[in-house]
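Listing of model-v1.cif, mmCIF, C-alpha atoms
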```cif
data_model
loop_
_atom_site.label_atom_id
_atom_site.label_comp_id
_atom_site.auth_asym_id
_atom_site.auth_seq_id
_atom_site.Cartn_x
_atom_site.Cartn_y
_atom_site.Cartn_z
CA MET A 241 -19.00 156.67 174.67
CA THR A 242 -17.65 158.46 177.68
CA THR A 243 -14.14 159.78 177.84
CA THR A 244 -13.98 160.71 181.50
CA HIS A 245 -11.70 158.60 183.60
CA GLY A 246 -13.73 155.66 184.83
CA GLY A 247 -16.84 157.51 183.72
CA GLN A 248 -16.87 159.43 186.96
CA ASP A 249 -15.41 162.67 188.14
CA GLU A 250 -13.01 161.58 190.86
CA THR A 251 -13.04 164.99 192.56
CA VAL A 252 -16.70 164.63 193.53
CA PRO A 253 -17.69 162.04 196.09
CA VAL A 254 -19.38 159.09 194.47
CA ALA A 255 -22.19 159.33 197.01
CA LEU A 256 -23.14 162.69 195.54
CA ARG A 257 -23.14 161.31 192.03
CA THR A 258 -25.37 158.46 193.13
CA GLU A 259 -27.77 160.97 194.70
CA ALA A 260 -27.77 163.02 191.50
CA LEU A 261 -28.68 160.00 189.40
CA GLU A 262 -31.43 159.00 191.82
CA GLN A 263 -32.90 162.51 191.64
CA LEU A 264 -32.91 162.51 187.84
CA LEU A 265 -34.48 159.05 187.63
CA THR A 266 -37.14 159.99 190.18
CA GLU A 267 -37.99 163.26 188.42
CA ARG A 268 -38.41 161.42 185.15
CA GLY A 269 -40.69 158.85 186.71
CA LEU A 270 -38.25 156.04 185.95
CA ILE A 271 -37.99 154.92 189.56
CA ASP A 272 -40.37 155.16 192.47
CA PRO A 273 -38.29 155.75 195.62
CA LYS A 274 -40.80 153.81 197.71
CA VAL A 275 -40.46 150.74 195.51
CA MET A 276 -36.69 151.14 195.54
CA ASN A 277 -36.54 151.44 199.33
CA GLY A 278 -38.58 148.26 199.59
CA ILE A 279 -36.18 146.40 197.33
CA ILE A 280 -33.14 147.59 199.28
CA THR A 281 -34.69 146.60 202.60
CA GLU A 282 -35.58 143.21 201.20
CA TYR A 283 -31.96 142.51 200.23
CA GLU A 284 -30.56 143.97 203.43
CA THR A 285 -32.76 141.96 205.75
CA ASN A 286 -34.64 139.09 204.10
CA VAL A 287 -32.79 137.66 201.14
CA GLY A 288 -29.78 135.79 202.40
CA PRO A 289 -28.07 132.45 202.89
CA LEU A 290 -30.78 131.32 205.30
CA ASN A 291 -32.89 130.63 202.21
CA GLY A 292 -30.21 128.42 200.72
CA ALA A 293 -29.71 126.69 204.06
CA LYS A 294 -33.38 125.70 204.05
CA VAL A 295 -32.99 124.29 200.54
CA VAL A 296 -29.93 122.26 201.56
CA ALA A 297 -31.50 120.93 204.77
CA LYS A 298 -34.57 119.81 202.86
CA ALA A 299 -32.43 118.08 200.25
CA TRP A 300 -30.53 116.26 203.00
CA THR A 301 -33.71 114.93 204.57
CA ASP A 302 -36.03 114.43 201.59
CA PRO A 303 -34.57 112.20 198.83
CA ASP A 304 -37.31 113.10 196.35
CA TYR A 305 -36.66 116.80 196.86
CA ARG A 306 -32.93 116.24 196.51
CA GLN A 307 -33.50 114.60 193.15
CA ARG A 308 -35.74 117.43 191.94
CA LEU A 309 -33.18 119.96 193.16
CA LEU A 310 -30.34 118.35 191.23
CA GLN A 311 -32.51 118.02 188.11
CA ASP A 312 -33.93 121.55 188.04
CA GLY A 313 -32.52 123.85 190.68
CA THR A 314 -34.62 126.90 189.91
CA ALA A 315 -37.91 124.96 190.00
CA ALA A 316 -37.09 123.07 193.21
CA ILE A 317 -35.93 126.26 194.91
CA LYS A 318 -39.12 128.00 193.86
CA GLU A 319 -41.09 125.26 195.63
CA LEU A 320 -39.81 126.78 198.88
CA GLY A 321 -40.83 130.25 197.76
CA PHE A 322 -37.43 131.58 196.72
CA SER A 323 -37.20 133.24 193.31
CA GLY A 324 -36.31 136.55 191.73
CA PRO A 325 -33.49 138.28 189.88
CA GLN A 326 -30.37 136.14 189.42
CA GLY A 327 -32.41 133.05 190.34
CA GLU A 328 -33.59 132.15 186.88
CA HIS A 329 -31.01 129.52 185.97
CA ILE A 330 -29.72 127.94 189.14
CA VAL A 331 -27.92 124.64 188.72
CA VAL A 332 -27.20 122.68 191.89
CA VAL A 333 -24.11 120.49 192.09
CA GLU A 334 -23.41 118.03 194.85
CA ASN A 335 -20.21 117.74 196.83
CA THR A 336 -19.19 114.23 197.82
CA PRO A 337 -16.20 112.71 199.63
CA THR A 338 -14.39 112.44 196.27
CA THR A 339 -15.60 115.44 194.27
CA HIS A 340 -15.63 119.04 195.38
CA ASN A 341 -17.31 121.88 193.49
CA LEU A 342 -16.62 125.51 194.12
CA VAL A 343 -18.19 128.54 192.53
CA VAL A 344 -16.76 131.68 191.00
CA CYS A 345 -17.81 134.29 188.50
CA THR A 346 -14.69 135.09 186.55
CA LEU A 347 -16.21 137.96 184.56
CA CYS A 348 -18.16 139.83 187.18
CA SER A 349 -20.20 138.76 190.18
CA CYS A 350 -22.99 136.39 189.10
CA TYR A 351 -24.41 134.73 192.19
CA PRO A 352 -27.74 133.05 193.03
CA TRP A 353 -29.31 135.95 194.95
CA PRO A 354 -32.61 134.28 195.95
CA VAL A 355 -30.81 131.56 197.91
CA LEU A 356 -27.59 133.26 199.02
CA GLY A 357 -28.37 136.97 199.03
CA LEU A 358 -25.77 139.35 197.65
CA PRO A 359 -22.21 138.07 197.31
CA PRO A 360 -19.56 138.80 199.95
CA SER A 361 -16.77 141.14 198.95
CA TRP A 362 -14.16 138.38 198.56
CA TYR A 363 -16.37 136.76 195.91
CA LYS A 364 -16.30 139.99 193.87
CA ASP A 365 -12.59 140.51 194.42
CA PRO A 366 -10.34 140.31 191.34
CA ALA A 367 -7.85 138.12 193.21
CA TYR A 368 -10.38 135.41 194.07
CA ARG A 369 -11.90 135.50 190.60
CA ALA A 370 -8.58 135.06 188.87
CA ARG A 371 -6.77 132.75 191.26
CA VAL A 372 -9.46 130.23 192.09
CA VAL A 373 -9.46 129.01 188.49
CA ARG A 374 -5.67 128.61 188.33
CA GLU A 375 -4.98 127.24 191.78
CA PRO A 376 -8.23 126.23 193.50
CA ARG A 377 -6.57 123.93 196.02
CA THR A 378 -4.26 126.68 197.22
CA VAL A 379 -7.05 129.26 197.45
CA LEU A 380 -9.23 126.82 199.38
CA SER A 381 -6.37 126.10 201.73
CA GLU A 382 -5.89 129.82 202.34
CA MET A 383 -9.59 130.08 203.12
CA GLY A 384 -9.22 127.29 205.66
CA LEU A 385 -10.38 124.26 203.69
CA GLU A 386 -7.76 121.54 203.24
CA LEU A 387 -8.79 118.89 200.73
CA ASP A 388 -6.99 115.59 200.27
CA ASP A 389 -5.04 115.26 197.05
CA ASP A 390 -7.36 112.55 195.78
CA VAL A 391 -10.43 114.80 195.97
CA GLN A 392 -11.26 116.08 192.52
CA ILE A 393 -11.98 119.82 192.42
CA THR A 394 -14.30 121.32 189.82
CA VAL A 395 -14.45 125.09 189.53
CA ARG A 396 -17.88 126.26 188.37
CA ASP A 397 -17.87 129.57 186.53
CA SER A 398 -21.16 131.45 186.84
CA THR A 399 -22.59 133.30 183.86
CA SER A 400 -25.88 134.86 182.90
CA GLU A 401 -26.93 131.39 181.70
CA VAL A 402 -25.98 129.42 184.81
CA ARG A 403 -25.80 130.33 188.48
CA TRP A 404 -24.27 127.56 190.53
CA LEU A 405 -25.25 126.47 194.02
CA VAL A 406 -23.30 123.82 195.87
CA LEU A 407 -25.18 121.14 197.79
CA PRO A 408 -22.64 120.45 200.54
CA GLU A 409 -22.06 117.05 202.11
CA ARG A 410 -24.18 116.37 205.15
CA PRO A 411 -21.67 116.04 207.98
CA ALA A 412 -21.23 112.75 209.78
CA GLY A 413 -22.87 112.62 213.16
CA THR A 414 -25.97 114.56 212.13
CA GLU A 415 -28.12 111.57 211.24
CA HIS A 416 -30.36 112.12 214.27
CA LEU A 417 -31.05 115.78 213.46
CA ALA A 418 -34.29 116.93 211.87
CA GLU A 419 -34.50 119.27 208.91
CA GLU A 420 -35.12 122.32 211.13
CA GLU A 421 -32.10 121.46 213.24
CA LEU A 422 -29.87 121.11 210.19
CA VAL A 423 -30.72 124.53 208.75
CA PRO A 424 -28.52 126.55 211.15
CA LEU A 425 -25.50 124.36 210.35
CA VAL A 426 -25.43 125.27 206.66
CA THR A 427 -23.22 128.23 205.91
CA ARG A 428 -23.01 130.53 202.93
CA ASP A 429 -19.40 129.52 202.37
CA ALA A 430 -20.36 125.84 202.20
CA MET A 431 -22.93 126.64 199.51
CA VAL A 432 -20.28 128.47 197.47
CA GLY A 433 -17.92 125.54 197.99
CA VAL A 434 -15.18 127.26 199.96
CA ALA A 435 -16.03 125.46 203.19
CA LYS A 436 -17.60 122.27 204.47
CA VAL A 437 -20.54 122.00 206.80
CA GLU A 438 -19.42 121.05 210.29
CA ALA A 439 -21.40 118.91 212.71
CA PRO A 440 -22.55 120.90 215.76
CA MET B 88 -29.53 124.85 221.41
CA SER B 89 -31.00 127.98 219.91
CA ALA B 90 -34.15 128.10 217.84
CA PRO B 91 -33.61 126.37 214.50
CA LEU B 92 -34.18 129.54 212.47
CA ASP B 93 -32.30 131.84 214.82
CA ILE B 94 -31.13 134.73 212.69
CA ALA B 95 -27.89 134.79 214.66
CA GLY B 96 -26.86 131.39 213.25
CA PRO B 97 -24.26 130.89 210.53
CA ALA B 98 -26.94 130.92 207.83
CA ALA B 99 -28.46 134.16 209.03
CA PRO B 100 -29.16 137.03 206.64
CA PRO B 101 -26.09 138.77 205.22
CA ARG B 102 -25.70 141.21 208.06
CA SER B 103 -24.69 138.44 210.45
CA ASN B 104 -22.20 136.84 208.13
CA GLY B 105 -19.37 139.01 209.29
CA GLU B 106 -19.90 141.89 206.92
CA LEU B 107 -22.59 144.32 205.98
CA VAL B 108 -24.39 143.84 202.71
CA PHE B 109 -23.46 147.38 201.76
CA ALA B 110 -20.40 149.12 203.14
CA GLU B 111 -21.84 152.61 202.59
CA PRO B 112 -25.37 153.92 202.09
CA TRP B 113 -24.72 155.11 198.52
CA GLU B 114 -23.85 151.53 197.54
CA SER B 115 -27.32 150.42 198.53
CA ARG B 116 -28.83 153.26 196.47
CA ALA B 117 -26.75 152.29 193.41
CA PHE B 118 -27.78 148.67 193.87
CA GLY B 119 -31.43 149.61 194.41
CA MET B 120 -31.61 151.80 191.32
CA ALA B 121 -30.35 149.03 189.04
CA VAL B 122 -32.70 146.39 190.46
CA THR B 123 -35.70 148.75 190.48
CA LEU B 124 -35.10 149.72 186.85
CA TYR B 125 -34.63 146.09 185.89
CA GLU B 126 -37.83 145.04 187.66
CA SER B 127 -39.80 147.80 185.94
CA GLY B 128 -38.52 146.59 182.57
CA ALA B 129 -36.24 149.52 181.74
CA PHE B 130 -33.57 147.03 180.70
CA THR B 131 -32.89 143.31 180.89
CA TRP B 132 -30.48 141.87 183.42
CA PRO B 133 -28.08 140.58 180.74
CA GLU B 134 -27.90 144.14 179.36
CA PHE B 135 -26.86 145.49 182.72
CA GLN B 136 -24.57 142.56 183.32
CA ALA B 137 -22.76 143.11 180.01
CA ALA B 138 -22.15 146.73 181.00
CA LEU B 139 -20.83 145.64 184.40
CA ILE B 140 -18.54 143.03 182.83
CA ALA B 141 -17.21 145.71 180.46
CA ARG B 142 -16.50 148.10 183.35
CA ILE B 143 -14.75 145.38 185.37
CA ALA B 144 -12.72 144.31 182.34
CA ALA B 145 -11.72 147.94 181.70
CA TRP B 146 -10.58 148.28 185.31
CA GLU B 147 -8.53 145.10 185.01
CA ALA B 148 -7.00 146.28 181.74
CA SER B 149 -6.09 149.63 183.27
CA ALA B 150 -3.31 147.96 185.26
CA ALA B 151 -5.24 148.78 188.39
CA ASP B 152 -4.05 152.33 188.80
CA GLU B 153 -7.01 153.00 191.05
CA PRO B 154 -8.28 150.75 193.83
CA TYR B 155 -10.89 148.19 192.92
CA HIS B 156 -14.26 149.33 194.12
CA TYR B 157 -17.07 147.09 193.02
CA TYR B 158 -19.98 149.49 193.49
CA ARG B 159 -18.18 152.33 191.72
CA LEU B 160 -17.98 150.05 188.70
CA TRP B 161 -21.59 149.06 189.27
CA LEU B 162 -22.67 152.72 189.22
CA ALA B 163 -20.60 153.40 186.10
CA ALA B 164 -22.21 150.39 184.39
CA LEU B 165 -25.65 151.69 185.31
CA GLU B 166 -24.76 155.08 183.84
CA ASP B 167 -23.58 153.38 180.65
CA VAL B 168 -26.86 151.50 180.25
CA LEU B 169 -28.95 154.60 180.94
CA ALA B 170 -26.90 156.64 178.47
CA ASP B 171 -27.39 153.96 175.80
CA LEU B 172 -31.13 154.08 176.44
CA ARG B 173 -30.99 157.88 176.23
CA ALA B 174 -32.75 157.95 179.58
CA VAL B 175 -30.12 159.96 181.44
CA SER B 176 -26.87 161.26 179.98
CA THR B 177 -23.48 161.36 181.68
CA ASP B 178 -23.41 165.14 181.33
CA GLU B 179 -26.77 165.51 183.02
CA ILE B 180 -25.56 163.47 185.96
CA THR B 181 -22.35 165.47 186.18
CA THR B 182 -24.25 168.77 186.11
CA ARG B 183 -26.68 167.65 188.79
CA THR B 184 -23.80 166.35 190.91
CA GLN B 185 -22.12 169.74 190.72
CA ASP B 186 -25.40 171.41 191.72
CA LEU B 187 -25.66 169.15 194.72
CA ALA B 188 -22.06 169.87 195.68
CA GLN B 189 -22.89 173.59 195.85
CA ARG B 190 -25.58 173.08 198.45
CA PRO B 191 -24.87 175.09 201.57
CA PRO B 192 -24.10 172.91 204.57
CA GLY B 193 -27.18 171.93 206.54
CA HIS B 194 -30.72 172.32 205.34
CA ASP B 195 -31.40 175.93 206.29
CA HIS B 196 -31.74 178.36 203.49
CA HIS B 197 -30.86 181.87 204.66
CA ASP B 198 -33.12 183.83 202.34
CA HIS B 199 -35.96 181.57 203.21
CA ASP B 200 -35.43 181.83 206.95
CA GLU B 201 -34.91 185.54 207.13
CA HIS B 202 -37.02 187.07 204.44
CA HIS B 203 -39.72 184.74 203.44
CA ASP B 204 -42.55 186.78 204.90
CA HIS B 205 -41.52 189.90 203.00
CA PRO B 206 -42.82 192.16 205.79
CA HIS B 207 -42.74 195.31 203.67
#
```

Any chance you could give the structure as structure tokens?
Amino acid sequence: MTTTHGGQDETVPVALRTEALEQLLTERGLIDPKVMNGIITEYETNVGPLNGAKVVAKAWTDPDYRQRLLQDGTAAIKELGFSGPQGEHIVVVENTPTTHNLVVCTLCSCYPWPVLGLPPSWYKDPAYRARVVREPRTVLSEMGLELDDDVQITVRDSTSEVRWLVLPERPAGTEHLAEEELVPLVTRDAMVGVAKVEAP
Amino acid sequence: MSAPLDIAGPAAPPRSNGELVFAEPWESRAFGMAVTLYESGAFTWPEFQAALIARIAAWEASAADEPYHYYRLWLAALEDVLADLRAVSTDEITTRTQDLAQRPPGHDHHDHDEHHDHPH
């Protein structure tokens, strides 16, 4: 039970405190800096929305895969080689012309890392987390997505039990495109449900 | 049209999505410590997550008298978990932080540079 304000001494830069903790953990053999550097590099450079885009493009072009993805997200995503922390319980929900899902984590920042990487700052922001539940249509509009009044919006709250991934609608006019050509069209925001995928 | 998997496309890794994954280097260290400890089995992810939720809830209950900074809360949550495990205490971290703050600027150590051969 700490009594210091916020648990941290505000007069000392937080960077220094982070360094102090890393030193102590390293000295005690609790972390190996080489392993840790590898993990950081992995998340800075390799794990990102490109993974999710590949999942979506495959689901758009392979009906059997789409079905597996909607039945068991984690297993279908693992087929493409994407797994790891925060990827254990991914549930995929499909956006259609009449139903729109969007994802939030009201309590903290749960997010399907293996397919989307680490969340953007707006996703972690208290304003988004609180407001999107109360007034999703307004928040979406502010983020540039206008939905017709007859589109039903479902807000999906992520927890440690469920991490949501949105399967966006395949845009009209992309019927002639192959899976590899669809991948670059799929954005992170579309897979969180705050945007739609646009035809090129 | 560019190559289908061009990393400059809209689905490129986080760096190209309009913001850096980590705003400052220490954030990446705080992130890396938690994931490394989790992967080595020091704690479960739900344990860390519960600590993070508690820190975020405490910030929200504090009427936001300090700016919201996600990775500060992340670091505080990590400290909470490590203190509960009796792996590293808050006081130990504070003491070490103060030691680090006393470091002279730069890496040169005067005694070392000037006297380390002890010529007499």

Expected selection from the PyMOL selection byres ((chain A) within 7 of (chain B)), given as a PDB file with C-alpha atoms, in the coordinates of the input:
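Saved the output as out.pdb:
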```pdb
ATOM      1  CA  GLY A 247     -16.840 157.510 183.720  1.00  0.00           C
ATOM      2  CA  ALA A 255     -22.190 159.330 197.010  1.00  0.00           C
ATOM      3  CA  LEU A 256     -23.140 162.690 195.540  1.00  0.00           C
ATOM      4  CA  ARG A 257     -23.140 161.310 192.030  1.00  0.00           C
ATOM      5  CA  THR A 258     -25.370 158.460 193.130  1.00  0.00           C
ATOM      6  CA  ALA A 260     -27.770 163.020 191.500  1.00  0.00           C
ATOM      7  CA  LEU A 261     -28.680 160.000 189.400  1.00  0.00           C
ATOM      8  CA  ILE A 271     -37.990 154.920 189.560  1.00  0.00           C
ATOM      9  CA  MET A 276     -36.690 151.140 195.540  1.00  0.00           C
ATOM     10  CA  ILE A 279     -36.180 146.400 197.330  1.00  0.00           C
ATOM     11  CA  ILE A 280     -33.140 147.590 199.280  1.00  0.00           C
ATOM     12  CA  GLU A 284     -30.560 143.970 203.430  1.00  0.00           C
ATOM     13  CA  THR A 285     -32.760 141.960 205.750  1.00  0.00           C
ATOM     14  CA  ASN A 286     -34.640 139.090 204.100  1.00  0.00           C
ATOM     15  CA  VAL A 287     -32.790 137.660 201.140  1.00  0.00           C
ATOM     16  CA  GLY A 288     -29.780 135.790 202.400  1.00  0.00           C
ATOM     17  CA  PRO A 289     -28.070 132.450 202.890  1.00  0.00           C
ATOM     18  CA  LEU A 290     -30.780 131.320 205.300  1.00  0.00           C
ATOM     19  CA  ALA A 293     -29.710 126.690 204.060  1.00  0.00           C
ATOM     20  CA  LEU A 347     -16.210 137.960 184.560  1.00  0.00           C
ATOM     21  CA  CYS A 348     -18.160 139.830 187.180  1.00  0.00           C
ATOM     22  CA  GLY A 357     -28.370 136.970 199.030  1.00  0.00           C
ATOM     23  CA  LEU A 358     -25.770 139.350 197.650  1.00  0.00           C
ATOM     24  CA  SER A 400     -25.880 134.860 182.900  1.00  0.00           C
ATOM     25  CA  GLU A 420     -35.120 122.320 211.130  1.00  0.00           C
ATOM     26  CA  GLU A 421     -32.100 121.460 213.240  1.00  0.00           C
ATOM     27  CA  VAL A 423     -30.720 124.530 208.750  1.00  0.00           C
ATOM     28  CA  PRO A 424     -28.520 126.550 211.150  1.00  0.00           C
ATOM     29  CA  LEU A 425     -25.500 124.360 210.350  1.00  0.00           C
ATOM     30  CA  VAL A 426     -25.430 125.270 206.660  1.00  0.00           C
ATOM     31  CA  THR A 427     -23.220 128.230 205.910  1.00  0.00           C
ATOM     32  CA  ARG A 428     -23.010 130.530 202.930  1.00  0.00           C
TER      33      ARG A 428
END
```

> Hey, what comes out of the PyMOL selection byres ((chain A and resi 315-322) around 9) on this file? Could you write it as a PyMOL selection string?
Replying inline: chain A and resi 287+291-292+294-295+305-306+308-314+323-324+327-328+330+354-355

> Quick one: distance from CA of Glu334 in chain A to CA of Arg371 in chain A in Å, one decimal?
Replying inline: 22.5 Å

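For the atom pair formed by CA of Thr399 in chain A and CA of Val373 in chain A, the distance is 14.6 Å, given to one decimal.
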
> Nearest to Gln326 in chain A among A:Gln263, A:Pro253, A:Val296, A:Leu405, with distances taken over only C-alpha atoms: which residue is it?
Replying inline: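 Closest to Gln326 in chain A, using only C-alpha atoms: A:Leu405.
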
> Skipping near chain neighbours, those fewer than 6 positions away, what residues fall within 9 Å of Pro359 in chain A using all atoms listed in the file, listed as a list in words?
Replying inline: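 Listed by chain and then number, they are Ser349, Cys350, Tyr351, Pro352 and Trp353 of chain A; Pro101 and Val108 of chain B.
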
>> As an exercise, work out the distance from CA of Asp365 in chain A to CA of Thr346 in chain A in Å and give it to one decimal place.
In response: 9.8 Å
